[in-house]
$ cat run16.txt   # compact mmCIF, C-alpha atoms and all ligand atoms
# COMPACT_ATOMS: atom_id res chain seq x y z
CA MET V 1 0.00 0.00 0.00
CA LYS V 2 1.05 3.57 -0.60
CA ALA V 3 -0.08 6.54 1.45
CA LEU V 4 0.05 10.32 1.20
CA VAL V 5 0.69 12.56 4.21
CA LEU V 6 -0.28 16.21 3.90
CA GLY V 7 1.71 18.75 5.91
CA GLY V 8 5.32 19.54 6.66
CA GLY V 9 5.84 19.64 10.41
CA GLY V 10 7.10 17.30 13.11
CA ARG V 11 3.65 15.75 13.31
CA GLU V 12 3.74 14.82 9.63
CA HIS V 13 7.27 13.39 9.86
CA ALA V 14 6.03 11.25 12.78
CA LEU V 15 2.97 10.14 10.76
CA ALA V 16 5.11 9.17 7.75
CA TRP V 17 7.68 7.42 9.95
CA LYS V 18 5.01 5.46 11.81
CA LEU V 19 3.17 4.47 8.63
CA LEU V 20 6.45 3.14 7.18
CA THR V 21 6.94 0.82 10.18
CA SER V 22 3.78 -1.01 9.09
CA PRO V 23 4.20 -4.26 7.13
CA HIS V 24 1.50 -3.07 4.71
CA ILE V 25 3.07 0.23 3.69
CA GLU V 26 5.61 0.23 0.89
CA GLU V 27 5.83 3.95 0.24
CA VAL V 28 4.75 7.27 1.73
CA MET V 29 4.59 10.53 -0.18
CA CYS V 30 4.45 13.91 1.55
CA VAL V 31 3.08 17.28 0.49
CA PRO V 32 5.10 19.35 1.11
CA GLY V 33 7.06 17.34 3.71
CA ASN V 34 10.35 18.58 5.15
CA GLY V 35 14.04 17.64 5.37
CA GLY V 36 13.14 14.69 7.59
CA THR V 37 10.60 13.16 5.24
CA ALA V 38 12.97 13.83 2.32
CA THR V 39 15.62 11.62 3.94
CA LEU V 40 13.31 8.99 5.46
CA PRO V 41 13.78 5.67 3.62
CA GLY V 42 10.61 4.81 1.69
CA CYS V 43 9.36 8.38 1.77
CA ARG V 44 9.50 11.20 -0.74
CA ASN V 45 8.31 14.76 -0.92
CA LEU V 46 6.18 15.98 -3.79
CA GLY V 47 6.58 19.51 -5.11
CA LEU V 48 2.97 20.56 -4.57
CA ALA V 49 1.37 23.21 -2.39
CA LEU V 50 -1.00 22.20 0.38
CA ASP V 51 -3.80 24.33 -1.07
CA ASP V 52 -3.50 22.72 -4.51
CA PHE V 53 -6.37 20.27 -3.91
CA GLU V 54 -6.61 19.44 -7.60
CA GLY V 55 -2.91 18.62 -7.89
CA ILE V 56 -3.03 16.55 -4.72
CA ALA V 57 -6.04 14.57 -5.98
CA ARG V 58 -4.32 13.96 -9.32
CA VAL V 59 -1.11 12.68 -7.74
CA ALA V 60 -3.04 10.45 -5.33
CA LEU V 61 -5.11 8.95 -8.16
CA VAL V 62 -2.21 8.50 -10.59
CA ASN V 63 -0.12 6.76 -7.92
CA ASN V 64 -3.04 4.64 -6.76
CA LEU V 65 -2.63 5.78 -3.16
CA SER V 66 -4.76 3.86 -0.67
CA LEU V 67 -4.93 6.52 2.02
CA VAL V 68 -4.51 10.29 2.34
CA VAL V 69 -3.73 11.51 5.87
CA VAL V 70 -4.33 15.21 6.47
CA GLY V 71 -2.04 16.70 9.16
CA PRO V 72 -2.86 20.41 9.64
CA GLU V 73 -6.17 22.12 10.38
CA GLN V 74 -6.16 24.65 7.54
CA PRO V 75 -6.77 22.24 4.63
CA LEU V 76 -9.40 20.42 6.74
CA ALA V 77 -11.17 23.72 7.42
CA ASP V 78 -10.91 24.47 3.69
CA GLY V 79 -12.69 21.21 2.85
CA ILE V 80 -9.87 19.06 1.49
CA THR V 81 -11.46 15.87 2.82
CA ASP V 82 -14.75 16.57 1.05
CA TYR V 83 -12.91 17.38 -2.19
CA LEU V 84 -10.65 14.32 -2.19
CA GLN V 85 -13.52 12.01 -1.23
CA GLN V 86 -15.51 13.32 -4.17
CA GLN V 87 -12.60 12.17 -6.35
CA GLY V 88 -12.95 8.67 -4.90
CA LEU V 89 -10.00 8.83 -2.48
CA THR V 90 -9.89 7.45 1.07
CA VAL V 91 -9.07 10.30 3.43
CA PHE V 92 -8.23 10.43 7.11
CA GLY V 93 -9.51 13.71 8.59
CA PRO V 94 -12.92 15.27 9.13
CA SER V 95 -15.05 17.05 6.56
CA LYS V 96 -15.22 20.83 6.32
CA ALA V 97 -18.38 20.74 8.44
CA GLY V 98 -16.63 18.68 11.13
CA ALA V 99 -13.51 20.86 11.09
CA GLN V 100 -15.60 23.80 12.31
CA ILE V 101 -15.04 22.39 15.78
CA GLU V 102 -11.54 23.87 15.51
CA ALA V 103 -12.05 26.54 12.85
CA SER V 104 -14.68 28.48 14.82
CA LYS V 105 -14.35 28.75 18.57
CA ALA V 106 -17.86 30.27 18.77
CA TRP V 107 -19.27 27.27 16.88
CA ALA V 108 -17.37 24.85 19.14
CA LYS V 109 -18.58 26.66 22.27
CA ALA V 110 -22.20 26.49 21.12
CA LEU V 111 -21.77 22.77 20.47
CA MET V 112 -20.28 22.26 23.94
CA VAL V 113 -23.14 24.13 25.60
CA GLU V 114 -25.72 22.15 23.61
CA ALA V 115 -23.96 18.88 24.49
CA GLY V 116 -23.58 19.75 28.18
CA ILE V 117 -19.79 19.44 27.97
CA PRO V 118 -17.88 21.04 30.87
CA THR V 119 -16.13 24.18 29.62
CA ALA V 120 -15.48 27.76 30.76
CA ALA V 121 -18.49 30.13 30.68
CA SER V 122 -18.25 32.38 27.63
CA ASP V 123 -19.91 34.88 25.34
CA VAL V 124 -19.43 35.76 21.68
CA PHE V 125 -19.05 39.31 20.31
CA THR V 126 -19.03 40.79 16.84
CA ASP V 127 -18.04 44.36 17.76
CA ALA V 128 -15.49 45.95 20.08
CA SER V 129 -17.79 48.21 22.09
CA SER V 130 -20.13 45.46 23.32
CA ALA V 131 -17.13 43.21 24.05
CA ILE V 132 -15.50 45.97 26.11
CA ALA V 133 -18.74 46.71 27.96
CA TYR V 134 -18.94 43.01 28.83
CA LEU V 135 -15.28 42.90 29.94
CA GLN V 136 -15.97 45.66 32.45
CA GLN V 137 -18.43 43.37 34.26
CA GLN V 138 -16.08 40.36 34.45
CA SER V 139 -13.52 39.18 36.97
CA LEU V 140 -9.82 38.81 36.07
CA PRO V 141 -7.86 37.15 34.61
CA ILE V 142 -10.04 36.69 31.57
CA VAL V 143 -9.44 34.98 28.22
CA ILE V 144 -9.97 36.62 24.81
CA LYS V 145 -10.04 34.37 21.74
CA ALA V 146 -10.24 35.23 18.07
CA ASP V 147 -12.96 33.00 16.66
CA GLY V 148 -11.12 31.59 13.65
CA LEU V 149 -7.82 29.88 12.90
CA ALA V 150 -4.90 32.07 13.96
CA ALA V 151 -1.98 29.61 14.03
CA GLY V 152 -2.12 29.37 17.82
CA LYS V 153 -1.72 33.14 18.27
CA GLY V 154 -5.37 34.16 18.63
CA VAL V 155 -5.69 33.63 22.39
CA THR V 156 -4.82 36.18 25.09
CA VAL V 157 -4.97 35.31 28.76
CA ALA V 158 -5.42 38.84 30.13
CA PRO V 159 -4.38 39.56 33.72
CA THR V 160 -5.68 43.15 33.58
CA LEU V 161 -8.62 44.97 32.03
CA GLU V 162 -6.19 47.00 29.88
CA THR V 163 -4.65 43.88 28.28
CA ALA V 164 -8.13 42.43 27.79
CA ILE V 165 -9.36 45.59 26.06
CA ALA V 166 -6.20 45.74 23.93
CA ALA V 167 -6.74 42.11 22.84
CA VAL V 168 -10.34 42.87 21.84
CA GLN V 169 -9.27 45.97 19.90
CA ASP V 170 -6.45 44.08 18.16
CA ALA V 171 -8.87 41.41 17.01
CA PHE V 172 -11.49 43.84 15.70
CA GLN V 173 -8.78 45.96 14.04
CA GLY V 174 -7.82 42.96 11.94
CA LYS V 175 -4.73 41.56 13.69
CA PHE V 176 -5.93 38.04 12.84
CA GLY V 177 -7.70 38.91 9.60
CA ALA V 178 -11.19 37.45 9.23
CA ALA V 179 -10.43 35.06 12.12
CA GLY V 180 -10.94 38.03 14.47
CA ASN V 181 -14.32 39.20 13.10
CA GLN V 182 -15.88 37.40 16.05
CA VAL V 183 -14.34 37.19 19.51
CA VAL V 184 -15.07 34.70 22.27
CA ILE V 185 -14.51 35.96 25.81
CA GLU V 186 -14.31 33.25 28.40
CA ALA V 187 -13.67 32.72 32.09
CA PHE V 188 -10.18 31.76 33.19
CA LEU V 189 -9.73 28.14 34.26
CA THR V 190 -7.07 26.90 36.66
CA GLY V 191 -5.38 23.52 36.84
CA GLN V 192 -3.13 21.51 34.55
CA GLU V 193 -3.58 21.24 30.82
CA ALA V 194 -3.60 17.87 29.07
CA SER V 195 -4.33 16.64 25.56
CA VAL V 196 -6.57 13.67 24.92
CA LEU V 197 -6.59 12.77 21.24
CA ALA V 198 -9.30 10.34 20.28
CA ILE V 199 -9.79 8.57 17.00
CA THR V 200 -13.42 8.40 15.94
CA ASP V 201 -15.50 7.39 12.95
CA GLY V 202 -18.51 9.26 14.25
CA GLU V 203 -19.77 6.21 16.18
CA THR V 204 -16.87 4.52 17.94
CA ILE V 205 -14.47 6.72 19.92
CA ILE V 206 -11.04 5.40 20.90
CA PRO V 207 -8.90 7.68 23.07
CA LEU V 208 -5.15 7.51 22.44
CA MET V 209 -2.52 7.77 25.20
CA PRO V 210 -3.13 11.02 27.11
CA ALA V 211 -0.32 13.52 26.62
CA GLN V 212 0.81 16.89 27.94
CA ASP V 213 2.69 19.53 26.06
CA HIS V 214 4.44 22.73 27.10
CA LYS V 215 2.94 25.59 25.10
CA GLN V 216 5.08 28.46 26.35
CA ILE V 217 8.51 29.38 25.04
CA GLY V 218 10.19 29.92 28.40
CA GLU V 219 11.22 27.59 31.18
CA GLY V 220 8.72 27.28 34.00
CA ASP V 221 5.96 27.75 31.37
CA THR V 222 6.59 31.46 30.97
CA GLY V 223 6.54 33.87 28.02
CA PRO V 224 4.46 33.78 24.87
CA ASN V 225 2.64 30.71 23.60
CA THR V 226 4.16 28.62 20.81
CA GLY V 227 2.96 25.60 18.87
CA GLY V 228 4.46 23.46 21.66
CA MET V 229 8.02 23.15 23.00
CA GLY V 230 7.93 19.58 24.24
CA ALA V 231 5.55 16.81 25.22
CA TYR V 232 5.29 13.50 26.98
CA ALA V 233 2.92 10.55 27.13
CA PRO V 234 1.29 8.90 28.92
CA THR V 235 0.82 11.67 31.45
CA PRO V 236 0.02 10.64 35.02
CA ILE V 237 -2.20 13.74 35.28
CA VAL V 238 -4.87 11.97 33.25
CA THR V 239 -5.64 8.99 35.47
CA PRO V 240 -7.80 6.13 34.16
CA GLU V 241 -10.72 7.64 36.13
CA ILE V 242 -10.24 11.05 34.52
CA LEU V 243 -9.92 9.41 31.10
CA ASP V 244 -13.29 7.68 31.68
CA GLN V 245 -14.79 11.04 32.59
CA VAL V 246 -13.33 12.58 29.43
CA GLN V 247 -14.89 9.79 27.39
CA GLU V 248 -18.34 10.04 28.99
CA GLN V 249 -18.66 13.76 29.65
CA ILE V 250 -16.72 15.18 26.71
CA LEU V 251 -15.98 12.91 23.76
CA GLU V 252 -19.25 10.97 23.60
CA PRO V 253 -21.53 14.03 23.94
CA ALA V 254 -19.42 15.92 21.37
CA ILE V 255 -19.72 13.16 18.78
CA ALA V 256 -23.43 12.61 19.53
CA THR V 257 -24.13 16.32 19.06
CA LEU V 258 -22.11 16.44 15.84
CA ARG V 259 -24.19 13.52 14.60
CA GLN V 260 -27.41 15.35 15.53
CA ARG V 261 -26.17 18.21 13.38
CA GLY V 262 -25.81 15.80 10.50
CA ILE V 263 -22.00 15.70 10.71
CA ASP V 264 -20.35 12.34 10.16
CA TYR V 265 -17.12 13.17 12.03
CA ARG V 266 -14.25 10.88 11.06
CA GLY V 267 -10.68 11.55 12.16
CA ILE V 268 -9.03 12.85 15.29
CA LEU V 269 -11.06 14.69 17.86
CA TYR V 270 -8.45 16.36 20.05
CA ALA V 271 -9.71 17.61 23.39
CA GLY V 272 -7.45 20.30 24.88
CA LEU V 273 -8.33 19.96 28.55
CA MET V 274 -7.91 21.77 31.81
CA ILE V 275 -7.85 19.30 34.69
CA SER V 276 -8.97 21.18 37.79
CA PRO V 277 -7.10 20.80 41.07
CA THR V 278 -9.86 18.41 42.18
CA GLY V 279 -9.46 16.27 39.03
CA GLU V 280 -12.42 17.51 36.99
CA PRO V 281 -11.70 17.83 33.24
CA SER V 282 -13.15 20.67 31.18
CA VAL V 283 -12.53 21.64 27.58
CA ILE V 284 -10.29 24.58 26.65
CA GLU V 285 -10.62 23.85 22.95
CA PHE V 286 -11.25 21.11 20.46
CA ASN V 287 -8.94 20.47 17.53
CA CYS V 288 -9.84 18.46 14.44
CA ARG V 289 -6.38 16.91 13.88
CA PHE V 290 -3.39 15.30 15.54
CA GLY V 291 -1.50 17.54 18.01
CA ASP V 292 2.03 18.75 17.40
CA PRO V 293 4.21 17.76 19.31
CA GLU V 294 1.80 15.32 21.03
CA THR V 295 1.85 13.08 17.95
CA GLN V 296 5.62 12.74 18.24
CA VAL V 297 5.19 11.07 21.65
CA VAL V 298 1.92 9.20 21.12
CA LEU V 299 2.69 7.43 17.83
CA PRO V 300 6.04 5.92 18.89
CA LEU V 301 4.16 4.16 21.73
CA LEU V 302 1.57 2.62 19.42
CA GLU V 303 2.15 -1.03 18.51
CA THR V 304 -0.86 -1.50 16.24
CA PRO V 305 0.05 -0.64 12.63
CA LEU V 306 -1.09 2.95 12.11
CA ASP V 307 -2.53 2.34 8.64
CA GLU V 308 -4.93 -0.26 10.07
CA VAL V 309 -6.24 2.30 12.55
CA LEU V 310 -6.50 5.21 10.10
CA LEU V 311 -8.14 3.11 7.39
CA ALA V 312 -10.65 1.60 9.83
CA CYS V 313 -11.54 5.15 10.86
CA ALA V 314 -11.80 6.50 7.31
CA GLU V 315 -13.97 3.53 6.31
CA SER V 316 -16.20 3.66 9.45
CA ARG V 317 -15.05 0.26 10.74
CA LEU V 318 -13.55 1.27 14.10
CA ALA V 319 -16.07 -0.91 15.99
CA ASP V 320 -14.44 -3.99 14.39
CA LEU V 321 -10.85 -2.93 15.14
CA PRO V 322 -9.19 -5.02 17.88
CA PRO V 323 -8.18 -2.92 20.94
CA LEU V 324 -5.14 -0.74 20.23
CA GLN V 325 -1.86 -2.21 21.44
CA TRP V 326 0.60 0.09 23.23
CA LYS V 327 4.22 -0.31 24.22
CA PRO V 328 4.56 -0.49 28.00
CA ALA V 329 6.84 2.57 27.96
CA SER V 330 6.91 6.34 28.26
CA ALA V 331 7.82 8.81 25.55
CA ALA V 332 9.24 12.32 25.84
CA CYS V 333 9.95 14.91 23.19
CA VAL V 334 12.02 18.09 23.35
CA VAL V 335 11.59 20.69 20.61
CA ALA V 336 14.58 22.61 19.26
CA ALA V 337 13.56 26.03 17.95
CA ALA V 338 15.34 28.79 16.07
CA GLY V 339 16.35 31.62 18.42
CA GLY V 340 13.72 34.34 18.52
CA TYR V 341 10.76 32.02 17.86
CA PRO V 342 7.78 32.59 18.29
CA GLU V 343 8.65 36.13 17.13
CA GLN V 344 11.28 36.85 14.43
CA TYR V 345 13.81 34.10 13.75
CA ALA V 346 16.44 33.20 11.17
CA LYS V 347 16.34 30.39 8.60
CA GLY V 348 18.92 28.54 6.57
CA MET V 349 21.23 27.45 9.40
CA THR V 350 22.96 24.11 8.79
CA ILE V 351 22.08 21.42 11.32
CA SER V 352 24.74 19.00 12.53
CA GLY V 353 24.75 16.05 14.91
CA LEU V 354 21.58 14.37 13.64
CA ALA V 355 23.25 10.96 13.24
CA ALA V 356 24.85 11.20 16.68
CA ALA V 357 21.45 12.02 18.19
CA ALA V 358 19.93 8.96 16.53
CA GLU V 359 22.80 6.85 17.90
CA GLN V 360 21.68 7.90 21.37
CA GLY V 361 18.51 5.93 20.67
CA ALA V 362 16.28 8.91 19.93
CA VAL V 363 14.11 9.57 16.91
CA VAL V 364 14.68 13.04 15.54
CA PHE V 365 11.47 14.24 13.93
CA HIS V 366 12.07 17.24 11.69
CA ALA V 367 9.64 20.12 11.94
CA GLY V 368 10.93 23.21 10.14
CA THR V 369 13.79 21.82 8.04
CA GLN V 370 14.62 21.45 4.40
CA LEU V 371 17.17 19.50 2.46
CA SER V 372 19.44 21.77 0.46
CA GLN V 373 22.33 20.32 -1.58
CA GLY V 374 22.47 17.29 0.67
CA GLN V 375 22.49 19.34 3.87
CA VAL V 376 19.68 19.64 6.38
CA GLN V 377 18.91 23.29 7.10
CA ALA V 378 16.60 25.05 9.54
CA ASN V 379 13.55 26.37 7.74
CA GLY V 380 11.03 27.25 10.43
CA GLY V 381 10.44 28.34 14.02
CA ARG V 382 10.21 24.89 15.52
CA VAL V 383 13.06 23.07 13.80
CA LEU V 384 13.26 19.57 15.30
CA SER V 385 11.44 17.46 17.84
CA VAL V 386 13.68 14.91 19.50
CA THR V 387 11.75 11.96 20.90
CA ALA V 388 12.93 9.10 23.08
CA LEU V 389 11.22 6.18 24.76
CA GLY V 390 12.10 4.80 28.17
CA GLU V 391 10.82 2.28 30.65
CA THR V 392 10.04 5.21 32.87
CA PHE V 393 9.18 8.79 32.15
CA GLU V 394 12.53 9.89 33.71
CA GLN V 395 14.49 7.59 31.40
CA ALA V 396 12.63 8.82 28.34
CA LEU V 397 13.39 12.42 29.25
CA GLU V 398 17.03 11.70 29.99
CA GLN V 399 17.45 10.01 26.63
CA ALA V 400 15.75 12.81 24.77
CA TYR V 401 18.03 15.34 26.46
CA ALA V 402 21.15 13.23 25.82
CA ALA V 403 20.22 13.08 22.14
CA ILE V 404 19.36 16.76 21.67
CA ALA V 405 22.73 17.67 23.25
CA GLU V 406 24.38 16.12 20.14
CA ILE V 407 22.60 18.52 17.78
CA GLN V 408 23.81 21.98 16.83
CA PHE V 409 22.72 24.87 14.67
CA ASP V 410 23.20 28.62 15.02
CA SER V 411 20.76 30.17 17.52
CA MET V 412 19.35 26.76 18.54
CA TYR V 413 17.13 27.02 21.62
CA TYR V 414 15.33 24.38 23.65
CA ARG V 415 13.74 24.23 27.06
CA ARG V 416 15.68 22.28 29.71
CA ASP V 417 12.64 21.66 31.90
CA ILE V 418 10.27 19.57 29.79
CA GLY V 419 8.22 17.38 32.12
CA PHE V 420 8.82 19.50 35.22
CA ARG V 421 5.14 19.34 36.17
CA VAL V 422 5.21 15.60 36.66
CA ARG V 423 8.83 14.94 37.70
P1 LIG O 501 -6.44 27.54 22.82
O1 LIG O 501 -5.87 27.98 21.51
O2 LIG O 501 -7.91 27.81 22.96
O3 LIG O 501 -6.02 26.16 23.21
O4 LIG O 501 -5.71 28.45 23.92
C1 LIG O 501 -4.31 28.53 23.97
C2 LIG O 501 -3.84 28.47 25.39
O5 LIG O 501 -4.42 29.54 26.15
C3 LIG O 501 -4.28 27.21 26.13
O6 LIG O 501 -3.43 26.16 25.89
C4 LIG O 501 -4.23 27.69 27.56
O7 LIG O 501 -2.90 27.70 28.05
C5 LIG O 501 -4.71 29.11 27.46
N1 LIG O 501 -6.16 29.17 27.69
C6 LIG O 501 -7.13 29.15 26.76
N2 LIG O 501 -8.36 29.21 27.32
C7 LIG O 501 -8.17 29.27 28.65
C8 LIG O 501 -9.03 29.36 29.78
N3 LIG O 501 -10.37 29.44 29.66
N4 LIG O 501 -8.47 29.39 31.01
C9 LIG O 501 -7.13 29.37 31.17
N5 LIG O 501 -6.26 29.29 30.14
C10 LIG O 501 -6.76 29.25 28.89
N1 LIG O 502 0.28 21.09 20.75
C1 LIG O 502 -0.88 21.85 20.59
C2 LIG O 502 -1.58 21.66 19.31
O1 LIG O 502 -1.25 20.81 18.51
O2 LIG O 502 -2.55 22.36 19.07

$ encode --input "run16.txt" --output "structure tokens" --more "lines below"
Ligand code: AMP
Ligand code: GLY
Amino acid sequence: MKALVLGGGGREHALAWKLLTSPHIEEVMCVPGNGGTATLPGCRNLGLALDDFEGIARVALVNNLSLVVVGPEQPLADGITDYLQQQGLTVFGPSKAGAQIEASKAWAKALMVEAGIPTAASDVFTDASSAIAYLQQQSLPIVIKADGLAAGKGVTVAPTLETAIAAVQDAFQGKFGAAGNQVVIEAFLTGQEASVLAITDGETIIPLMPAQDHKQIGEGDTGPNTGGMGAYAPTPIVTPEILDQVQEQILEPAIATLRQRGIDYRGILYAGLMISPTGEPSVIEFNCRFGDPETQVVLPLLETPLDEVLLACAESRLADLPPLQWKPASAACVVAAAGGYPEQYAKGMTISGLAAAAEQGAVVFHAGTQLSQGQVQANGGRVLSVTALGETFEQALEQAYAAIAEIQFDSMYYRRDIGFRVR
């Protein structure tokens, strides 16, 4: 079988890598891929853009590809699944209608309220003056969210009324483009964040290993939010009891309500959770795709061939899939970023030490890299995600850190405290 992976981050390298460990997969193609997928045996990058749905469909049909796996949210929100399915292709990832659960926070909030899913109280605004009037009645801190997709930058946790008002004004003045035409203002939740990614065909819902990531750039979880600076799985924060609660109070009602709306949701439903100090989970956001870097720690733990799982989902056969098999291990991932990220950063730096890192027993998933004249160069904010497994969480972390210490590029930055919340 041959498969196509859409996207070019660490998540997509991990998807391609995992698919290629399956006995059924002979080749994986990536659009656009990165330096890691370019050098992965059995994998090749295709020179197509992610928004070229027609070109992607053509290549998938000509090469007789059995499965298309969509990594990022943008093409899902733009309806790539619907388009490719109309061409007769088998696609992993929800339809455009289903992807609204990530693409519109107001839509997702309304769904949560309808489904009775625990989440922060919120209101939706379409103009600055009514949003500001509302803010003046609320307690602090308070959270301001641009409604649409904003590459993880649309959320402000405001400690003061001034920052809250500035966030509202920024959104309505077009800082996030059309994504900020509506703003959700919601109450601040306390506790620990965790990510439960579930695979669902709209009937059966199978949660994957619960993970945690570190969103902020600075050690101690300080500074601006990023796409994620490190992750680990399974996280002890999500106990089996909490996972049951997530299934019953969050995932099942979400899928049931999607179904009532006529949406046949097939793909990943990613619940970004806040676990309260007393162990009650509530939803911060839903995503319609695999997490990055959560995927880089969840997939290496999976024993079941990934193509079997993704195909069963895409073909609505998850009820017949035997229970997922997991390695009895822990996984940790440390992200190496270009200095300056998530603000301005340089590109084009040559990366060395990748082979030495692999010799340490780690898997180096490339995120923002490209292959240029045989050399791997940095080509994005998050450059690499170095993942290691261990019998214990401590061992996994130690191995990941031993491996990343072998890698060098100009301005390389990584957090030294990944996992500090559970150490
Ligand atoms: P989101 O894009 O909705 O996941 O928000 C990005 C980050 O903002 C989350 O990972 C949290 O760290 C923080 N955040 C969002 N909503 C809330 C909330 N209601 N309470 C506390 N923190 C939040
Ligand atoms: N790691 C957070 C996300 O994928 O949205």

$ residues_around --input "run16.txt" --residues "Asn64 of chain V" --least-positions-apart "2" --cutoff "10 Å" --atoms "all atoms listed in the file" --output "PyMOL selection string"
chain V and resi 1-3+58-62+66-67+89

$ residues_around --input "run16.txt" --residues "segment 69-71 of chain V" --least-positions-apart "4" --cutoff "7 Å" --atoms "only C-alpha atoms" --output "number ranges by chain"
V: 4-7, 12, 91-93, 289-290

$ write_last_selection --input "run16.txt" --atoms "C-alpha atoms" --output "PDB file, in the coordinates of the input"
ATOM      1  CA  LEU V   4       0.050  10.320   1.200  1.00  0.00           C
ATOM      2  CA  VAL V   5       0.690  12.560   4.210  1.00  0.00           C
ATOM      3  CA  LEU V   6      -0.280  16.210   3.900  1.00  0.00           C
ATOM      4  CA  GLY V   7       1.710  18.750   5.910  1.00  0.00           C
ATOM      5  CA  GLU V  12       3.740  14.820   9.630  1.00  0.00           C
ATOM      6  CA  VAL V  91      -9.070  10.300   3.430  1.00  0.00           C
ATOM      7  CA  PHE V  92      -8.230  10.430   7.110  1.00  0.00           C
ATOM      8  CA  GLY V  93      -9.510  13.710   8.590  1.00  0.00           C
ATOM      9  CA  ARG V 289      -6.380  16.910  13.880  1.00  0.00           C
ATOM     10  CA  PHE V 290      -3.390  15.300  15.540  1.00  0.00           C
TER      11      PHE V 290
END

$ closest_residue --input "run16.txt" --among "V:Phe172, V:Phe286, V:Tyr232, V:Tyr265" --to "ligand LIG 501 (chain O)" --atoms "only C-alpha atoms and all ligand atoms"
V:Phe286

$ residues_around --input "run16.txt" --residues "Gly174 of chain V" --least-positions-apart "4" --cutoff "12 Å" --atoms "only C-alpha atoms" --output "JSON, numbers by chain"
{"V": [127, 128, 146, 148, 150, 154, 167, 168, 169, 170, 178, 179, 180, 181, 182, 183]}

$ closest_residue --input "run16.txt" --among "V:Pro32, V:Gly340, V:Gly116, V:Pro300" --to "Leu389 of chain V" --atoms "all atoms listed in the file"
V:Pro300

$ residues_near_ligand --input "run16.txt" --ligand "ligand LIG 502 (chain O)" --cutoff "6 Å" --atoms "all atoms listed in the file" --output "ChimeraX atom specification"
/V:227-228,291-294

$ write_last_selection --input "run16.txt" --atoms "C-alpha atoms" --output "mmCIF file, in the frame of the given file"
data_model
loop_
_atom_site.group_PDB
_atom_site.id
_atom_site.type_symbol
_atom_site.label_atom_id
_atom_site.label_comp_id
_atom_site.auth_asym_id
_atom_site.auth_seq_id
_atom_site.Cartn_x
_atom_site.Cartn_y
_atom_site.Cartn_z
ATOM 1 C CA GLY V 227 2.960 25.600 18.870
ATOM 2 C CA GLY V 228 4.460 23.460 21.660
ATOM 3 C CA GLY V 291 -1.500 17.540 18.010
ATOM 4 C CA ASP V 292 2.030 18.750 17.400
ATOM 5 C CA PRO V 293 4.210 17.760 19.310
ATOM 6 C CA GLU V 294 1.800 15.320 21.030
#

$ atom_distance --input "run16.txt" --atom1 "atom CA of Glu102 of chain V" --atom2 "atom CA of Arg261 of chain V"
15.8 Å

$ axis_aligned_box --input "run16.txt" --around "segment 346-355 of chain V" --padding-each-side "5 Å" --output "lines of an AutoDock Vina configuration file"
center_x = 20.5
center_y = 22.1
center_z = 10.7
size_x = 18.4
size_y = 32.2
size_z = 18.3
